[in-house]
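To keep things clear, I will list the structure first and then write my remarks on it.
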Amino acid sequence: MNFIRNNAGGIGICAIIALPCWFLGQAFPIVGGPVFAILAGMAIALLWKPRARGTLQKGIGFTAKKVLQYAVILLGFGLNLIQIAQVGAMSLPIICSTIATALIVAFLMSKALHMPSDISTLIGVGSSICGGSAIAATAPVINAKDEDVAQAISVIFLFNVVAALVFPTLGNLLGMSNDGFGLFAGTAVNDTSSVTAAAAAWDGMHPGSNALDHATIVKLTRTLAIIPITLVLALLQVRKAKRAAEDAGSAGVSMVASDASASEVAGDSSNAVANSNNSAATTASDSSATRQTGGKQLGNFSLKRAFPMFILWFVVASIITTIAVAAGADAAVFDPLKTLSKFFICMAMAAIGLNTDIVKLVKSGGKPILMGFVCWICIAAVSLGMQALLGLW
């Protein structure tokens with residue numbers, strides 16, 4: 001009852017915002033419901049500040065974090081691992097190459113542009129894997145701020161639209177085959193909705209082609225990269241936390257020793273003992289408080305706590321789908337869960353939009369857009385280059 005009382009209002013507000021955005025996304029798939037939702041949330045936030053929301057803010061925060069994780073879990077019901085293994089295996093070299101390219105480019109540009117690591121990570125995984133879904137899976141693992149998520153989603157959306165509009169014509173100019181364009185769209189376009197939009201446009205230009213089916217399977221294969229990427233990021237978080245804990249512990253010991261030494265020099269050994277005891281007590285108190293709050297100051301994380309459990313359930317959902325389809329079940333049985341996943345993402349994006357300062361977002365948008373552009377160009381170039389190298393063009 002306490003949970004309902006504290007969160008129902010905020011969750012309901014996010015659902016109300018997400019509902020029309022969901023239908024807009026159906027009408028304009030090149031944009032997609034999540035983008036409409038995050039834009040709507042940011043527009044509302046201009047007038048409705050967090051202080052004015054009162055108890056509703058708890059539910060909004062829950063939607064931005066937990067509902068987002070539930071959306072990723074349900075996303076697993078759209079993955080038939082056997083089908084992906086059979087059809088998507090040929091695309092693995094290109095998928096691995098494009099993912100590695102995007103992550104390396106994002107890392108190098110974050111250093112060159114002096115950008116925060118969280119926004120760089122989100123843009124890197126969003127560009128390389130599957131747009132909004134990858135950002136949704138990664139954000140909780142690295143404890144990204146809502147503003148960083150909104151920034152990354154906005155950047156990914158911009159180049160999704162450009163790709164969906166430009167790539168079919170580019171494919172024609174390059175003389176690509178139907179399967180070749182499906183592979184190109186599945187590896188070089190970020191978000192699933194934009195992949196399908198680009199491939200559908202190609203099929204419209206080439207009656208009888210099946211680029212849409214090919215692109216979709218390649219994209220689903222690419223989506224599986226969410227699993228290793230998030231696990232690696234979780235391990236890096238643990239490593240960073242342990243290092244912070246060691247540094248904090250060393251600093252505490254040094255402070256105690258310094259206090260004692262200074263007091264002894266002054267000839268006041270009793271004060272040295274008192275100061276030493278007080279410093280040690282303070283250090284112990286801080287450590288205890290960090291343990292109780294789960295804070296990151298001392299990095300008191302364990303692998304068990306840092307492991308993104310929702311990714312494990314995502315894998316379980318994929319396995320359930322695979323076993324059920326192999327046993328003769330119709331894959332369409334899972335369509336309602338896939339639809340619910342997409343609606344949950346719309347709700348979460350609405351919540352993130354409500355927690356985002358759009359003015360600050362616009363002012364700080366230059367560097368993330370540049371990073372997204374360079375990642376996008378590099379991914380497209382590597383996808384085309386690898387196809388030519390492997391003779392798949």
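Each chain in the structure tokens gets a letter, A, B, ..., in the order shown, and its residues are numbered from 1; ligands are numbered from 1 in order too.
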Could you pull the residues within 10 Å of Leu103 in chain A, counting only C-alpha atoms, minus those fewer than 3 positions along the same chain, as a VMD selection string? chain A and resid 98 to 100 106 to 109 120 to 129 375
Need to verify the contact set: Ala136 in chain A, 12 Å, only C-alpha atoms, exclusion of same-chain residues closer than 3 positions in sequence. Can you return it as a PyMOL selection string? chain A and resi 34+63-73+75+122-123+125-126+129-133+139-146+148-150+152-153+191+226+230+310-311+341-342+344-349+352
Could you check the closest approach to Gly61 in chain A for each of A:Ile156, A:Ala380, A:Met309, A:Cys14 and tell me which residue wins, using only C-alpha atoms?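 Looking at the shortest contact to Gly61 in chain A, the residue is A:Cys14.
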Using only C-alpha atoms, can you tell me which of A:Phe159, A:Phe343, A:Trp22, A:Trp48 comes closest to Asp357 in chain A? A:Trp48
What separation in Å, quoted to one decimal, exists between CA of Val333 in chain A and CA of Ile95 in chain A? 28.7 Å
Ranking A:Asp213, A:Asp335, A:Asp118, A:Glu147 by minimum distance to Ala351 in chain A and counting only C-alpha atoms, which one comes first?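 Using only C-alpha atoms, the shortest distance to Ala351 in chain A belongs to A:Glu147.
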What gap, in Å, lies between CA of Ala329 in chain A and CA of Ile217 in chain A?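 Interatomic distance, CA of Ala329 in chain A to CA of Ile217 in chain A: 19.0 Å.
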